[in-house]
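In what follows, a single structure is set out as structure tokens and then discussed.
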Amino acid sequence: MARQLYYSGRSPYARKVRIVLAEKQLSYQHVDTNIRQKSPKFLRLNPIGKIPVLVDDNGLVFWDSTLIVEYLDDTYPEPSFYPSDRLERWRCRQGEELADAMTDQVVALWLETRKGDRADAQVQAQHQVVIDRLLTVFEQQLQLTPYLLSDRLSAVDIAAVSGLGYYSLRFGLGWQSRYPRLAHWFDQLHQRPSLRDTIPQPD
Ligand SMILES: N[C@@H](CCC(=O)N[C@@H](CS)C(=O)NCC(=O)O)C(=O)O
């Protein structure tokens with residue numbers, strides 16, 4: 001069977017997987033998934049009801065972007081986005097978690113912001129504080145290494161660039177003047193076709 005990825009175009013979590021599939025040159029069918037009206041078939045695949053969901057060509061079903069990325073990396077190891085050293089691998093997973101936590105905050109900030117007049121400024125400020133705290137961690141890391149984990153592109157970069165891509169879609173590129181190293185890293189990464197081909201488009 002053909003490999004399938006269930007997602008909708010702007011999902012930053014799905015983008016992580018789409019980048020990895022492209023980097024590994026693995027073809028797949030896009031199953032466009034409406035998360036506001038989840039089909040029984042989709043919910044059978046992922047009872048949590050979130051995208052992305054991967055159905056690999058062997059019929060195995062995976063969900064949660066981080067687990068999908070790790071499964072793909074284990075199964076199709078070239079090129080690899082996780083370090084082979086055990087402790088470095090844990091550090092990589094932790095960095096990914098940090099990046100996804102940033103993305104969670106960006107999504108929450110957007111959901112609050114789009115309430116318009118009913119948006120709670122205090123809630124918005126709380127999300128922004130966490131976003132800035134996490135972006136500062138990444139900015140500082142880029143003083144030490146060219147990528148967010150080491151001198152090689154890793155799953156941390158892929159998760160963070162997906163989150164920042166979504167942040168840029170919703171709130172613009174103003175963050176780039178406050179985080180110049182991240183801005184440079186972001187622009188450099190976008191030279192890769194896997195990044196350029198997955199940029200989220202406005203509604
Ligand atoms: N931890 C999950 C988060 C996925 C997630 O939150 N996806 C959103 C779309 S961007 C979703 O499916 N939301 C539907 C819902 O929560 O009902 C992952 O990394 O895959």
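Residues in the structure tokens are numbered from 1 in each chain, the chains being A, B, ... in the order shown, and ligands are numbered from 1 in the order shown.
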Enumerate residues in contact with ligand 1: an atom-to-atom distance of at most 9 Å, counting only C-alpha atoms and all ligand atoms. Format the result as a PyMOL selection string.
chain A and resi 7-8+10-14+16+33-36+38+48-53+63-68+100+104+107
Written selection (C-alpha atoms) as an mmCIF file, in the first residue's frame:
```cif
data_model
loop_
_atom_site.group_PDB
_atom_site.id
_atom_site.type_symbol
_atom_site.label_atom_id
_atom_site.label_comp_id
_atom_site.auth_asym_id
_atom_site.auth_seq_id
_atom_site.Cartn_x
_atom_site.Cartn_y
_atom_site.Cartn_z
ATOM 1 C CA TYR A 7 -2.746 16.376 7.920
ATOM 2 C CA SER A 8 -3.965 19.837 7.006
ATOM 3 C CA ARG A 10 -0.869 24.761 8.101
ATOM 4 C CA SER A 11 -0.176 22.284 10.919
ATOM 5 C CA PRO A 12 3.302 22.986 12.350
ATOM 6 C CA TYR A 13 3.430 19.469 13.845
ATOM 7 C CA ALA A 14 2.641 17.880 10.480
ATOM 8 C CA LYS A 16 7.969 18.364 11.011
ATOM 9 C CA THR A 33 -7.847 16.092 7.223
ATOM 10 C CA ASN A 34 -10.453 18.438 8.631
ATOM 11 C CA ILE A 35 -9.731 18.633 12.367
ATOM 12 C CA ARG A 36 -13.001 20.468 13.028
ATOM 13 C CA LYS A 38 -13.076 14.373 12.368
ATOM 14 C CA ILE A 48 -6.604 11.234 20.346
ATOM 15 C CA GLY A 49 -7.925 12.957 17.222
ATOM 16 C CA LYS A 50 -4.854 14.990 16.324
ATOM 17 C CA ILE A 51 -2.865 15.348 13.134
ATOM 18 C CA PRO A 52 -0.391 14.289 11.853
ATOM 19 C CA VAL A 53 -1.048 10.571 11.469
ATOM 20 C CA TRP A 63 0.777 9.415 15.519
ATOM 21 C CA ASP A 64 2.292 12.262 17.411
ATOM 22 C CA SER A 65 4.779 14.095 15.237
ATOM 23 C CA THR A 66 7.747 13.366 17.483
ATOM 24 C CA LEU A 67 7.083 9.633 17.472
ATOM 25 C CA ILE A 68 6.541 9.627 13.714
ATOM 26 C CA ASP A 100 7.176 21.613 20.514
ATOM 27 C CA ASP A 104 2.089 24.752 21.633
ATOM 28 C CA VAL A 107 -0.859 27.914 18.708
#
```
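Distance annotation: of A:Tyr6, A:Tyr166, A:Phe171, A:Trp185, the residue with the minimal separation from Leu142 of chain A is A:Trp185; atom set is only C-alpha atoms.
Between atom CA of Tyr167 of chain A and atom CA of Lys24 of chain A the separation is 25.6 Å.
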DSSP strand (DSSP E) selection over segment 1-202 of chain A, as a JSON list (two decimals) with C-alpha atoms, in the first residue's frame:
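The result, stored in part09.json:
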```json
[["chain", "number", "residue", "atom", "x", "y", "z"],
["A", 4, "GLN", "CA", -0.25, 8.07, 3.70],
["A", 5, "LEU", "CA", 0.06, 11.17, 5.86],
["A", 6, "TYR", "CA", -3.09, 12.64, 7.37],
["A", 7, "TYR", "CA", -2.75, 16.38, 7.92],
["A", 29, "GLN", "CA", -0.13, 10.48, -0.30],
["A", 30, "HIS", "CA", -1.57, 13.53, 1.45],
["A", 31, "VAL", "CA", -4.88, 12.75, 3.13],
["A", 32, "ASP", "CA", -6.37, 16.20, 3.73],
["A", 53, "VAL", "CA", -1.05, 10.57, 11.47],
["A", 54, "LEU", "CA", 1.23, 8.39, 9.36],
["A", 55, "VAL", "CA", 0.13, 5.11, 7.82],
["A", 61, "VAL", "CA", -0.03, 3.50, 12.04],
["A", 62, "PHE", "CA", 1.85, 6.19, 13.96],
["A", 63, "TRP", "CA", 0.78, 9.41, 15.52]]
```
Please give the complete set of residues from segment 7-78 of chain A that DSSP, run on the backbone, assigns to alpha helix (DSSP H), formatted as a ChimeraX atom specification.
/A:12-23,40-45,65-75
Contacts of Ala101 of chain A at 10 Å (only C-alpha atoms; same-chain gap of 6+ positions) as a ChimeraX atom specification:
/A:95,107,130-131,134,159-160,163
Residues near Ser27 of chain A, anyone? I mean within 12 Å using only C-alpha atoms, not counting same-chain ones fewer than 6 positions away, as a PyMOL selection string.
chain A and resi 1-5+17-21+56-57
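You can rank A:Ala155, A:Leu43, A:Val137, A:Leu195 by their closest distance to Leu182 of chain A using only C-alpha atoms, and at the top of that list sits A:Val137.
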